[in-house]
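Down below is the structure, laid out as structure tokens.
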Amino acid sequence: MAIPSDSEAGPNPKPVEELEAESATNDEDRGEDEDEIEEEEEEDGDDEEEAEEDETPAAQRENINRLFRRLSGGPVRLRVQDIIIRGNTKTKDALIEAEVLDAFRSACSMQELIQAAGLANTRLRQLDIFDSVSITLDSGPSELPGTANVVIDVVEARNPLTGEFGAYSKPEARSWSLEGSLKLKNLFGYGDIWDASGAYGFGQTSEISAGVSLPRFKAISTPRTTRVSLLSQDWLKFSSYKERLLGLSVGLISTGNHDLAYNLTWRNLSDPSHLSSKTIRRQLGHSLLSSLKYTYRIDHRDSNLRPTRGYALLSTSQFGGLGPDSRILRFIRQEFDVRGAFPLGFYNAAVNFGVAAGAIMPWGRGFMDSTSPLPERFYMGGHSSPICSLGGPTSLLGFKLRGVGPTDERRAILTKHGEDEASTSSGRIASPGGDAIGGNLAVTAFADLSFDLPLKLFRESGVHGHMFLNTGNLVDLTLAEFKNFSFRGFLETFRSSAGFGIIFPTRFFRMEINYCCILKQLQHDHGKTGIQFGFSTPKVC
């Protein structure tokens, strides 16, 4: 949009409150009820300072009172004549205009313009490329009464390159990880954000990824993201396999509560120990994941670390098998997660509760007797907080990582070298243990009571106590076996735990020290009564 040449639109327009007050004063002096905004010309120098000194505080208050009376008396007709953008040396004008145009286009009164200015300010800040954003309403050309110019002043990020680095502990896996990321903002002036991240886990997970995101692409107003990642995960201790992935993820839709993404991933499962169970061995080797994933998320809780009121809902649907290749994994996966919180009115106490459920099933030729892919199955256990982990039926305090659910016995180990695996008469067989193979159907539920601790130091720092109760179940069923599924038997095999602890919320993570008591577990589960430490990072929360 062209910058107006009208001299009354000076370089330093006044804020909307001062502008309206002057307009109301002029209307009363003239005795006319005109819907227009006039601004006195601002000049740099001694004359301007003297004029401002002549206006007493009493006169300013009177002007403001007249403004409020005029606004409260009904809509003040006003429309936008032009949008003026200042301060953007790298960012394209078209990007800023596209972000704010819809907000101002429908505004036809001063009240609506003020609301539109607030919405436009929020949209520009969400681009994460400006240090500050200021929006001012200036009077329009004198020959066009009842009009206003919108002046947008932005300050671009002083340092477009930012980075983060941290060390995180996973007590349930007895491992540490080093994680770092770099982010380059607005490289080409289109609000583009380039980022690269890496994580190295001592003995379990390593990841390198890079991506770019755009707030809009040409006529498409929804954000676009593309990411390439290389991931290596070591599950030998829990499931006797290592996993390597090379993947491409493209965000197709991201509007409000809706997200749709396409994933293309090459995956390789290997067993260097040669001790994996039959279930694991059947799925070793290369495979291809080509899937669409849709996520619907609502989160109206007042906090992610310590909610005291509100609710949250997450629904994730994934359809795998887009393509003709025989190695493509074909499955349908669905999960729900519901959270709620309400205050009790004393000691800042609040009750949090939640229910999560998920199911996965294969599709394609022979799907009735086939099994779902191992990495896409549901696994339960670990020390992550069920309050933070809004992501499906996975958390069950008191149980080790992948410590709940079906297992398959590993290969036996003979103590004498050279003996055949099947001959057991002349040598002892070491206990092989079992591989966690996950499940196709999972359900979890929890209730948590949080409260302030009596010490003032704890209350001021956010440290608080809680008591909790968790329950959940995980089963592995093929579609052929599902006809014999017993809902009563499913309920009778629920695992459960209870306990209490102290929570230390910080800016970077939420740490918990809990005493967990296992109320019920089955033969092959790995639950333990005692003190446990848990960490939940903001990315999970």
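As shown in the structure tokens, the chain order sets the letters A, B, ...; within each chain, residues go from 1, and ligands are also counted from 1 in the order they appear.
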
Report as a short mmCIF file (atom, residue, chain, number, x, y, z; two decimals) with N, CA, C and O atoms, in the first residue's frame: the residues of stretch 121-268 of chain A with a DSSP assignment of strand (DSSP E), based on the backbone of this structure.
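Produced file selection_17.cif, reproduced below:
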data_model
loop_
_atom_site.label_atom_id
_atom_site.label_comp_id
_atom_site.auth_asym_id
_atom_site.auth_seq_id
_atom_site.Cartn_x
_atom_site.Cartn_y
_atom_site.Cartn_z
N PHE A 130 10.10 -10.23 15.47
CA PHE A 130 10.19 -8.84 15.91
C PHE A 130 10.45 -8.78 17.40
O PHE A 130 9.91 -9.57 18.17
N ASP A 131 11.29 -7.81 17.79
CA ASP A 131 11.49 -7.55 19.22
C ASP A 131 10.32 -6.78 19.81
O ASP A 131 9.99 -6.95 20.99
N SER A 132 9.71 -5.90 19.02
CA SER A 132 8.55 -5.13 19.50
C SER A 132 7.67 -4.75 18.33
O SER A 132 8.13 -4.61 17.19
N VAL A 133 6.39 -4.58 18.62
CA VAL A 133 5.39 -4.18 17.62
C VAL A 133 4.49 -3.12 18.25
O VAL A 133 4.00 -3.29 19.36
N SER A 134 4.31 -2.00 17.54
CA SER A 134 3.43 -0.93 18.03
C SER A 134 2.51 -0.50 16.90
O SER A 134 2.96 -0.28 15.76
N ILE A 135 1.22 -0.40 17.20
CA ILE A 135 0.21 -0.01 16.19
C ILE A 135 -0.48 1.25 16.68
O ILE A 135 -1.00 1.31 17.80
N THR A 136 -0.49 2.29 15.83
CA THR A 136 -1.10 3.58 16.14
C THR A 136 -2.13 3.93 15.08
O THR A 136 -1.92 3.65 13.90
N LEU A 137 -3.22 4.55 15.52
CA LEU A 137 -4.25 5.03 14.59
C LEU A 137 -4.06 6.52 14.37
O LEU A 137 -4.09 7.31 15.31
N ASP A 138 -3.85 6.91 13.13
CA ASP A 138 -3.62 8.30 12.75
C ASP A 138 -4.82 8.79 11.94
O ASP A 138 -5.55 8.00 11.34
N SER A 139 -5.01 10.10 11.91
CA SER A 139 -6.12 10.65 11.14
C SER A 139 -5.87 10.50 9.65
O SER A 139 -4.74 10.57 9.18
N THR A 147 -12.10 8.81 8.16
CA THR A 147 -11.11 7.79 7.81
C THR A 147 -9.91 7.89 8.75
O THR A 147 -9.69 8.92 9.40
N ALA A 148 -9.15 6.82 8.80
CA ALA A 148 -7.95 6.77 9.63
C ALA A 148 -6.88 5.95 8.94
O ALA A 148 -7.18 5.06 8.13
N ASN A 149 -5.64 6.28 9.23
CA ASN A 149 -4.51 5.50 8.76
C ASN A 149 -3.99 4.65 9.91
O ASN A 149 -3.90 5.11 11.05
N VAL A 150 -3.63 3.42 9.61
CA VAL A 150 -3.03 2.51 10.59
C VAL A 150 -1.52 2.53 10.40
O VAL A 150 -1.03 2.20 9.32
N VAL A 151 -0.81 2.95 11.43
CA VAL A 151 0.65 3.04 11.37
C VAL A 151 1.22 1.91 12.21
O VAL A 151 0.96 1.82 13.41
N ILE A 152 1.99 1.04 11.58
CA ILE A 152 2.59 -0.11 12.25
C ILE A 152 4.09 0.11 12.35
O ILE A 152 4.78 0.21 11.32
N ASP A 153 4.59 0.20 13.57
CA ASP A 153 6.02 0.34 13.83
C ASP A 153 6.55 -0.98 14.38
O ASP A 153 6.06 -1.47 15.41
N VAL A 154 7.54 -1.54 13.71
CA VAL A 154 8.12 -2.81 14.14
C VAL A 154 9.61 -2.62 14.38
O VAL A 154 10.26 -1.77 13.77
N VAL A 155 10.13 -3.40 15.29
CA VAL A 155 11.58 -3.46 15.54
C VAL A 155 11.99 -4.90 15.31
O VAL A 155 11.59 -5.80 16.06
N GLU A 156 12.76 -5.12 14.25
CA GLU A 156 13.17 -6.47 13.92
C GLU A 156 14.17 -7.01 14.95
O GLU A 156 14.84 -6.25 15.64
N LEU A 161 20.04 -14.89 15.19
CA LEU A 161 20.54 -16.24 15.47
C LEU A 161 20.48 -16.49 16.97
O LEU A 161 21.08 -15.78 17.77
N THR A 162 19.72 -17.50 17.37
CA THR A 162 19.60 -17.87 18.77
C THR A 162 19.90 -19.35 18.94
O THR A 162 19.80 -20.13 17.98
N GLY A 163 20.25 -19.74 20.14
CA GLY A 163 20.58 -21.13 20.39
C GLY A 163 20.24 -21.54 21.81
O GLY A 163 20.13 -20.70 22.72
N GLU A 164 20.05 -22.83 21.99
CA GLU A 164 19.78 -23.40 23.30
C GLU A 164 20.59 -24.68 23.47
O GLU A 164 20.87 -25.38 22.50
N PHE A 165 20.95 -24.94 24.71
CA PHE A 165 21.72 -26.14 25.00
C PHE A 165 21.37 -26.60 26.41
O PHE A 165 21.18 -25.78 27.31
N GLY A 166 21.25 -27.91 26.58
CA GLY A 166 20.90 -28.42 27.89
C GLY A 166 21.23 -29.89 28.03
O GLY A 166 21.44 -30.61 27.04
N ALA A 167 21.26 -30.33 29.28
CA ALA A 167 21.47 -31.74 29.61
C ALA A 167 20.25 -32.23 30.36
O ALA A 167 19.76 -31.56 31.27
N TYR A 168 19.73 -33.39 29.96
CA TYR A 168 18.50 -33.92 30.54
C TYR A 168 18.74 -35.35 31.00
O TYR A 168 19.48 -36.12 30.37
N SER A 169 18.09 -35.69 32.08
CA SER A 169 18.24 -37.01 32.67
C SER A 169 16.96 -37.81 32.48
O SER A 169 15.85 -37.25 32.56
N LYS A 170 17.13 -39.11 32.24
CA LYS A 170 16.01 -40.04 32.18
C LYS A 170 16.28 -41.16 33.17
O LYS A 170 16.89 -42.19 32.83
N SER A 175 19.87 -42.99 31.85
CA SER A 175 20.66 -42.37 30.80
C SER A 175 20.53 -40.85 30.88
O SER A 175 19.60 -40.31 31.47
N TRP A 176 21.52 -40.20 30.26
CA TRP A 176 21.53 -38.75 30.14
C TRP A 176 21.60 -38.40 28.66
O TRP A 176 22.06 -39.19 27.84
N SER A 177 21.14 -37.22 28.35
CA SER A 177 21.21 -36.77 26.96
C SER A 177 21.62 -35.30 26.92
O SER A 177 21.24 -34.51 27.80
N LEU A 178 22.41 -34.97 25.92
CA LEU A 178 22.80 -33.59 25.64
C LEU A 178 22.01 -33.12 24.42
O LEU A 178 22.02 -33.78 23.39
N GLU A 179 21.33 -31.99 24.55
CA GLU A 179 20.48 -31.49 23.47
C GLU A 179 20.81 -30.04 23.19
O GLU A 179 21.02 -29.25 24.12
N GLY A 180 20.86 -29.70 21.94
CA GLY A 180 21.13 -28.33 21.53
C GLY A 180 20.40 -27.99 20.25
O GLY A 180 20.04 -28.87 19.46
N SER A 181 20.17 -26.70 20.05
CA SER A 181 19.46 -26.25 18.85
C SER A 181 19.90 -24.84 18.48
O SER A 181 20.27 -24.05 19.34
N LEU A 182 19.87 -24.57 17.18
CA LEU A 182 20.16 -23.25 16.63
C LEU A 182 18.97 -22.81 15.79
O LEU A 182 18.37 -23.63 15.08
N LYS A 183 18.64 -21.53 15.87
CA LYS A 183 17.50 -21.02 15.13
C LYS A 183 17.89 -19.70 14.46
O LYS A 183 18.41 -18.79 15.11
N LEU A 184 17.67 -19.62 13.16
CA LEU A 184 17.95 -18.42 12.38
C LEU A 184 16.62 -17.85 11.88
O LEU A 184 15.90 -18.51 11.13
N LYS A 185 16.32 -16.61 12.28
CA LYS A 185 15.02 -16.02 12.01
C LYS A 185 15.08 -15.06 10.83
O LYS A 185 16.01 -14.26 10.71
N ILE A 193 11.83 -19.20 9.32
CA ILE A 193 12.64 -19.56 10.48
C ILE A 193 13.33 -20.89 10.18
O ILE A 193 12.67 -21.91 9.96
N TRP A 194 14.65 -20.86 10.16
CA TRP A 194 15.46 -22.04 9.90
C TRP A 194 16.03 -22.53 11.22
O TRP A 194 16.53 -21.75 12.03
N ASP A 195 15.97 -23.81 11.43
CA ASP A 195 16.48 -24.34 12.69
C ASP A 195 17.18 -25.67 12.46
O ASP A 195 16.85 -26.42 11.54
N ALA A 196 18.15 -25.94 13.32
CA ALA A 196 18.85 -27.21 13.33
C ALA A 196 19.01 -27.64 14.78
O ALA A 196 19.27 -26.82 15.65
N SER A 197 18.80 -28.90 15.03
CA SER A 197 18.87 -29.40 16.40
C SER A 197 19.58 -30.75 16.42
O SER A 197 19.60 -31.48 15.42
N GLY A 198 20.14 -31.05 17.56
CA GLY A 198 20.82 -32.32 17.74
C GLY A 198 20.69 -32.79 19.17
O GLY A 198 20.56 -31.99 20.10
N ALA A 199 20.68 -34.08 19.34
CA ALA A 199 20.59 -34.68 20.67
C ALA A 199 21.44 -35.94 20.69
O ALA A 199 21.41 -36.73 19.75
N TYR A 200 22.20 -36.06 21.76
CA TYR A 200 23.02 -37.25 21.92
C TYR A 200 22.71 -37.86 23.27
O TYR A 200 22.96 -37.25 24.31
N GLY A 201 22.13 -39.06 23.25
CA GLY A 201 21.83 -39.75 24.48
C GLY A 201 22.86 -40.82 24.75
O GLY A 201 23.19 -41.62 23.88
N THR A 205 19.59 -42.73 22.65
CA THR A 205 19.01 -42.00 21.54
C THR A 205 19.97 -40.94 21.02
O THR A 205 20.61 -40.24 21.80
N SER A 206 20.07 -40.84 19.69
CA SER A 206 20.81 -39.77 19.04
C SER A 206 19.96 -39.25 17.88
O SER A 206 19.33 -40.04 17.17
N GLU A 207 19.96 -37.94 17.69
CA GLU A 207 19.11 -37.36 16.66
C GLU A 207 19.75 -36.11 16.10
O GLU A 207 20.32 -35.30 16.83
N ILE A 208 19.65 -35.95 14.79
CA ILE A 208 20.05 -34.73 14.09
C ILE A 208 18.91 -34.37 13.15
O ILE A 208 18.41 -35.22 12.40
N SER A 209 18.49 -33.11 13.19
CA SER A 209 17.39 -32.70 12.33
C SER A 209 17.55 -31.24 11.94
O SER A 209 18.23 -30.46 12.62
N ALA A 210 16.95 -30.89 10.83
CA ALA A 210 16.95 -29.52 10.34
C ALA A 210 15.62 -29.26 9.66
O ALA A 210 15.02 -30.16 9.06
N GLY A 211 15.17 -28.01 9.75
CA GLY A 211 13.87 -27.69 9.15
C GLY A 211 13.71 -26.21 8.90
O GLY A 211 14.52 -25.38 9.31
N VAL A 212 12.64 -25.89 8.21
CA VAL A 212 12.28 -24.51 7.92
C VAL A 212 10.77 -24.37 8.03
O VAL A 212 10.03 -25.30 7.70
N SER A 213 10.34 -23.22 8.51
CA SER A 213 8.91 -22.94 8.62
C SER A 213 8.61 -21.58 8.03
O SER A 213 9.41 -20.63 8.18
N LEU A 214 7.47 -21.48 7.36
CA LEU A 214 7.00 -20.23 6.77
C LEU A 214 5.61 -19.94 7.30
O LEU A 214 4.76 -20.83 7.35
N ARG A 224 3.54 -23.29 6.84
CA ARG A 224 4.12 -24.45 6.18
C ARG A 224 5.45 -24.79 6.86
O ARG A 224 6.28 -23.91 7.11
N THR A 225 5.64 -26.08 7.15
CA THR A 225 6.88 -26.53 7.78
C THR A 225 7.41 -27.75 7.02
O THR A 225 6.64 -28.57 6.53
N THR A 226 8.72 -27.84 6.93
CA THR A 226 9.38 -28.98 6.33
C THR A 226 10.58 -29.33 7.21
O THR A 226 11.33 -28.44 7.63
N ARG A 227 10.75 -30.63 7.47
CA ARG A 227 11.81 -31.05 8.37
C ARG A 227 12.41 -32.38 7.90
O ARG A 227 11.68 -33.29 7.51
N VAL A 228 13.73 -32.46 7.96
CA VAL A 228 14.47 -33.67 7.66
C VAL A 228 15.18 -34.10 8.93
O VAL A 228 15.79 -33.27 9.63
N SER A 229 15.10 -35.38 9.27
CA SER A 229 15.68 -35.85 10.52
C SER A 229 16.35 -37.20 10.34
O SER A 229 15.95 -38.01 9.50
N LEU A 230 17.38 -37.41 11.13
CA LEU A 230 18.09 -38.68 11.21
C LEU A 230 18.11 -39.09 12.68
O LEU A 230 18.63 -38.37 13.52
N LEU A 231 17.52 -40.24 12.97
CA LEU A 231 17.32 -40.65 14.35
C LEU A 231 17.82 -42.07 14.56
O LEU A 231 17.62 -42.95 13.71
N SER A 232 18.47 -42.29 15.69
CA SER A 232 18.93 -43.61 16.08
C SER A 232 18.52 -43.85 17.52
O SER A 232 18.83 -43.04 18.40
N GLN A 233 17.81 -44.95 17.77
CA GLN A 233 17.34 -45.29 19.11
C GLN A 233 17.75 -46.71 19.47
O GLN A 233 17.64 -47.63 18.65
N ASP A 234 18.22 -46.86 20.70
CA ASP A 234 18.69 -48.15 21.19
C ASP A 234 17.66 -48.70 22.18
O ASP A 234 17.54 -48.21 23.30
N LYS A 242 17.58 -52.27 17.75
CA LYS A 242 17.98 -50.90 17.52
C LYS A 242 17.21 -50.37 16.32
O LYS A 242 16.94 -51.09 15.37
N GLU A 243 16.91 -49.09 16.39
CA GLU A 243 16.08 -48.47 15.35
C GLU A 243 16.80 -47.28 14.74
O GLU A 243 17.31 -46.41 15.46
N ARG A 244 16.86 -47.25 13.42
CA ARG A 244 17.42 -46.11 12.70
C ARG A 244 16.39 -45.59 11.71
O ARG A 244 15.77 -46.36 10.99
N LEU A 245 16.25 -44.26 11.69
CA LEU A 245 15.25 -43.65 10.83
C LEU A 245 15.84 -42.46 10.09
O LEU A 245 16.61 -41.68 10.66
N LEU A 246 15.47 -42.33 8.85
CA LEU A 246 15.77 -41.16 8.04
C LEU A 246 14.44 -40.69 7.46
O LEU A 246 13.82 -41.41 6.68
N GLY A 247 14.00 -39.50 7.88
CA GLY A 247 12.64 -39.12 7.54
C GLY A 247 12.50 -37.70 7.05
O GLY A 247 13.35 -36.83 7.30
N LEU A 248 11.40 -37.48 6.34
CA LEU A 248 10.99 -36.16 5.85
C LEU A 248 9.57 -35.91 6.32
O LEU A 248 8.68 -36.74 6.11
N SER A 249 9.34 -34.77 6.95
CA SER A 249 8.01 -34.40 7.43
C SER A 249 7.62 -33.06 6.83
O SER A 249 8.41 -32.11 6.85
N VAL A 250 6.41 -33.00 6.30
CA VAL A 250 5.91 -31.77 5.67
C VAL A 250 4.58 -31.40 6.33
O VAL A 250 3.63 -32.20 6.31
N GLY A 251 4.52 -30.23 6.92
CA GLY A 251 3.28 -29.73 7.50
C GLY A 251 2.37 -29.19 6.42
O GLY A 251 2.72 -28.25 5.70
N LEU A 252 1.20 -29.77 6.27
CA LEU A 252 0.26 -29.38 5.22
C LEU A 252 -0.74 -28.33 5.70
O LEU A 252 -1.03 -27.38 4.97
N ILE A 253 -1.27 -28.51 6.87
CA ILE A 253 -2.26 -27.59 7.43
C ILE A 253 -1.91 -27.36 8.90
O ILE A 253 -1.65 -28.30 9.64
N SER A 254 -1.92 -26.10 9.31
CA SER A 254 -1.74 -25.77 10.72
C SER A 254 -2.54 -24.51 11.01
O SER A 254 -2.05 -23.39 10.87
N THR A 255 -3.79 -24.69 11.37
CA THR A 255 -4.69 -23.57 11.62
C THR A 255 -5.38 -23.78 12.95
O THR A 255 -6.17 -24.71 13.11
N HIS A 258 -6.05 -27.35 14.49
CA HIS A 258 -5.92 -28.44 13.55
C HIS A 258 -4.51 -28.48 12.96
O HIS A 258 -3.94 -27.44 12.61
N ASP A 259 -3.96 -29.69 12.84
CA ASP A 259 -2.66 -29.90 12.20
C ASP A 259 -2.73 -31.16 11.34
O ASP A 259 -3.23 -32.20 11.80
N LEU A 260 -2.22 -31.04 10.13
CA LEU A 260 -2.16 -32.17 9.21
C LEU A 260 -0.76 -32.22 8.63
O LEU A 260 -0.26 -31.23 8.10
N ALA A 261 -0.10 -33.38 8.74
CA ALA A 261 1.28 -33.52 8.28
C ALA A 261 1.44 -34.82 7.52
O ALA A 261 0.76 -35.82 7.79
N TYR A 262 2.38 -34.79 6.57
CA TYR A 262 2.74 -36.00 5.82
C TYR A 262 4.15 -36.41 6.22
O TYR A 262 5.06 -35.58 6.33
N ASN A 263 4.34 -37.71 6.47
CA ASN A 263 5.63 -38.24 6.89
C ASN A 263 6.09 -39.33 5.93
O ASN A 263 5.31 -40.24 5.61
N LEU A 264 7.32 -39.23 5.49
CA LEU A 264 7.95 -40.26 4.67
C LEU A 264 9.26 -40.65 5.36
O LEU A 264 10.18 -39.83 5.47
N THR A 265 9.32 -41.88 5.85
CA THR A 265 10.45 -42.29 6.69
C THR A 265 10.95 -43.67 6.27
O THR A 265 10.16 -44.60 6.11
N TRP A 266 12.27 -43.76 6.08
CA TRP A 266 12.92 -45.06 5.90
C TRP A 266 13.38 -45.54 7.27
O TRP A 266 13.99 -44.79 8.03
N ARG A 267 13.08 -46.78 7.58
CA ARG A 267 13.37 -47.32 8.91
C ARG A 267 14.09 -48.65 8.79
O ARG A 267 13.80 -49.46 7.92
N ASN A 268 15.03 -48.87 9.72
CA ASN A 268 15.75 -50.13 9.78
C ASN A 268 15.79 -50.60 11.23
O ASN A 268 16.24 -49.88 12.12
#

**Request:** Write out as a list of chain:residue names each polymer residue whose atoms come within 7 Å of stretch 496-498 of chain A, counting only C-alpha atoms; drop sequence neighbours fewer than 6 positions from it.
**Result:**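 Residues meeting the cut-off are A:Leu397, A:Gly398, A:Phe468, A:Leu469, A:Asn470, A:Thr471, A:Gly472, A:Cys516, A:Cys517, A:Ile518, A:Leu519, A:Lys520.
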
**Residue set, stretch 132-279 of chain A restricted to helix (DSSP H, G or I), as a ChimeraX atom specification** = /A:171-173,236-239,278-279

Export of prior selection with N, CA and C atoms as a short mmCIF file (atom, residue, chain, number, x, y, z; two decimals), in the first residue's frame:
data_model
loop_
_atom_site.label_atom_id
_atom_site.label_comp_id
_atom_site.auth_asym_id
_atom_site.auth_seq_id
_atom_site.Cartn_x
_atom_site.Cartn_y
_atom_site.Cartn_z
N PRO A 171 15.86 -40.97 34.43
CA PRO A 171 16.19 -41.96 35.45
C PRO A 171 15.64 -43.35 35.14
N GLU A 172 14.44 -43.42 34.51
CA GLU A 172 13.87 -44.72 34.25
C GLU A 172 14.69 -45.53 33.27
N ALA A 173 15.42 -44.84 32.37
CA ALA A 173 16.30 -45.52 31.42
C ALA A 173 17.76 -45.48 31.85
N LEU A 236 17.69 -52.09 22.89
CA LEU A 236 18.17 -53.44 23.18
C LEU A 236 17.82 -53.89 24.59
N LYS A 237 17.91 -52.97 25.53
CA LYS A 237 17.66 -53.34 26.92
C LYS A 237 16.21 -53.71 27.15
N PHE A 238 15.31 -53.06 26.44
CA PHE A 238 13.88 -53.27 26.69
C PHE A 238 13.24 -54.22 25.68
N SER A 239 13.64 -54.12 24.39
CA SER A 239 12.96 -54.89 23.35
C SER A 239 13.91 -55.56 22.38
N LYS A 278 10.93 -64.09 18.96
CA LYS A 278 10.36 -64.34 17.64
C LYS A 278 9.56 -63.15 17.13
N THR A 279 8.82 -62.50 18.03
CA THR A 279 8.02 -61.34 17.61
C THR A 279 8.90 -60.24 17.07
#

**Asked** When distances are computed from only C-alpha atoms, which of A:Asp525, A:Asp82, A:Asp299, A:Glu376 shows the smallest separation from A:Phe104?
**Response**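 The answer is A:Asp82, which sits nearest to A:Phe104.
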
**Request:** Rounded to one decimal place, report the atom CA of A:Leu314-atom CA of A:Leu449 distance in Å.
**Result:** 22.0 Å

**Exercise: A:Ala350 partners within 8 Å, only C-alpha atoms, chain neighbours under 6 positions left out, as a VMD selection string** = chain A and resid 307 to 309 341 to 344 449 to 451

Can you spit out the residues from that selection as a short mmCIF file (atom, residue, chain, number, x, y, z; two decimals), in the first residue's frame, using all heavy atoms?
data_model
loop_
_atom_site.label_atom_id
_atom_site.label_comp_id
_atom_site.auth_asym_id
_atom_site.auth_seq_id
_atom_site.Cartn_x
_atom_site.Cartn_y
_atom_site.Cartn_z
N PRO A 307 -1.59 -27.19 36.45
CA PRO A 307 -2.95 -26.70 36.14
C PRO A 307 -3.81 -26.67 37.40
O PRO A 307 -3.77 -27.60 38.22
CB PRO A 307 -3.48 -27.72 35.13
CG PRO A 307 -2.27 -28.50 34.67
CD PRO A 307 -1.32 -28.48 35.81
N THR A 308 -4.59 -25.62 37.55
CA THR A 308 -5.54 -25.53 38.66
C THR A 308 -6.98 -25.40 38.18
O THR A 308 -7.90 -25.55 38.98
CB THR A 308 -5.21 -24.33 39.56
OG1 THR A 308 -5.23 -23.12 38.78
CG2 THR A 308 -3.83 -24.48 40.18
N ARG A 309 -7.16 -25.12 36.91
CA ARG A 309 -8.50 -25.06 36.34
C ARG A 309 -8.41 -25.19 34.83
O ARG A 309 -7.37 -24.93 34.22
CB ARG A 309 -9.23 -23.76 36.72
CG ARG A 309 -8.58 -22.49 36.17
CD ARG A 309 -9.40 -21.27 36.53
NE ARG A 309 -9.32 -20.97 37.95
CZ ARG A 309 -10.37 -21.08 38.78
NH1 ARG A 309 -11.55 -21.45 38.32
NH2 ARG A 309 -10.24 -20.78 40.06
N ALA A 341 -9.11 -30.04 35.20
CA ALA A 341 -8.61 -29.55 36.49
C ALA A 341 -9.62 -28.59 37.08
O ALA A 341 -10.26 -27.82 36.35
CB ALA A 341 -7.25 -28.87 36.32
N PHE A 342 -9.76 -28.63 38.41
CA PHE A 342 -10.62 -27.67 39.09
C PHE A 342 -10.04 -27.37 40.48
O PHE A 342 -9.45 -28.26 41.12
CB PHE A 342 -12.06 -28.20 39.21
CG PHE A 342 -12.20 -29.48 39.98
CD1 PHE A 342 -12.36 -29.50 41.36
CD2 PHE A 342 -12.16 -30.71 39.31
CE1 PHE A 342 -12.48 -30.69 42.04
CE2 PHE A 342 -12.28 -31.91 40.00
CZ PHE A 342 -12.45 -31.89 41.37
N PRO A 343 -10.16 -26.12 40.93
CA PRO A 343 -9.59 -25.74 42.23
C PRO A 343 -10.50 -26.16 43.37
O PRO A 343 -11.71 -26.31 43.21
CB PRO A 343 -9.48 -24.22 42.12
CG PRO A 343 -10.59 -23.84 41.19
CD PRO A 343 -10.75 -24.98 40.21
N LEU A 344 -9.90 -26.32 44.57
CA LEU A 344 -10.65 -26.68 45.76
C LEU A 344 -10.87 -25.49 46.69
O LEU A 344 -11.69 -25.58 47.60
CB LEU A 344 -9.92 -27.80 46.51
CG LEU A 344 -9.78 -29.13 45.77
CD1 LEU A 344 -9.07 -30.15 46.64
CD2 LEU A 344 -11.14 -29.65 45.32
N LEU A 449 -3.93 -34.76 43.18
CA LEU A 449 -4.27 -33.65 44.09
C LEU A 449 -2.99 -32.88 44.40
O LEU A 449 -2.07 -33.42 45.01
CB LEU A 449 -4.89 -34.17 45.37
CG LEU A 449 -5.11 -33.14 46.50
CD1 LEU A 449 -6.10 -32.07 46.05
CD2 LEU A 449 -5.58 -33.81 47.77
N SER A 450 -2.92 -31.62 43.95
CA SER A 450 -1.76 -30.77 44.21
C SER A 450 -2.12 -29.72 45.26
O SER A 450 -3.27 -29.27 45.33
CB SER A 450 -1.29 -30.09 42.93
OG SER A 450 -2.29 -29.26 42.39
N PHE A 451 -1.14 -29.32 46.05
CA PHE A 451 -1.40 -28.37 47.14
C PHE A 451 -0.10 -27.68 47.50
O PHE A 451 1.01 -28.19 47.26
CB PHE A 451 -1.97 -29.10 48.35
CG PHE A 451 -1.19 -30.32 48.76
CD1 PHE A 451 -0.10 -30.23 49.63
CD2 PHE A 451 -1.52 -31.57 48.25
CE1 PHE A 451 0.63 -31.35 49.98
CE2 PHE A 451 -0.79 -32.70 48.59
CZ PHE A 451 0.29 -32.58 49.47
#

**Message:** One decimal, in Å: what's the spacing between atom CA of A:Leu313 and atom CA of A:Val338?
**Reply:** 4.7 Å

**Message:** Which residues are near A:Leu95? Cut-off 12 Å, only C-alpha atoms, ignore same chain within fewer than 2 positions. Put them as number ranges by chain.
**Reply:** A: 85, 88, 90-93, 97-101, 123-124, 127, 129, 186, 188-192, 214-219, 221

**Request:** State, in Å with one decimal place, the distance from atom CA of A:Phe504 to atom CA of A:Gly340.
**Result:**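 Taking atom CA of A:Phe504 and atom CA of A:Gly340, their separation equals 21.3 Å.
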
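The shell of residues at most 6 Å from stretch 377-390 of chain A, with only C-alpha atoms counted and near chain neighbours (fewer than 2 positions) removed, consists of Glu172, Leu374, Pro375, Thr394, Ser395, Leu396, Leu397, Phe399, Lys400, Leu401, Arg402, Gly403, Val404, Gly438, Gly439, Asn440, Gly534, Ser536, Val540 and Cys541 of chain A.
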
**Complete:** Between A:Asn304, A:Asn65, A:Gln60, A:Ser142, smallest distance to A:Pro505 by only C-alpha atoms belongs to A:Asn304
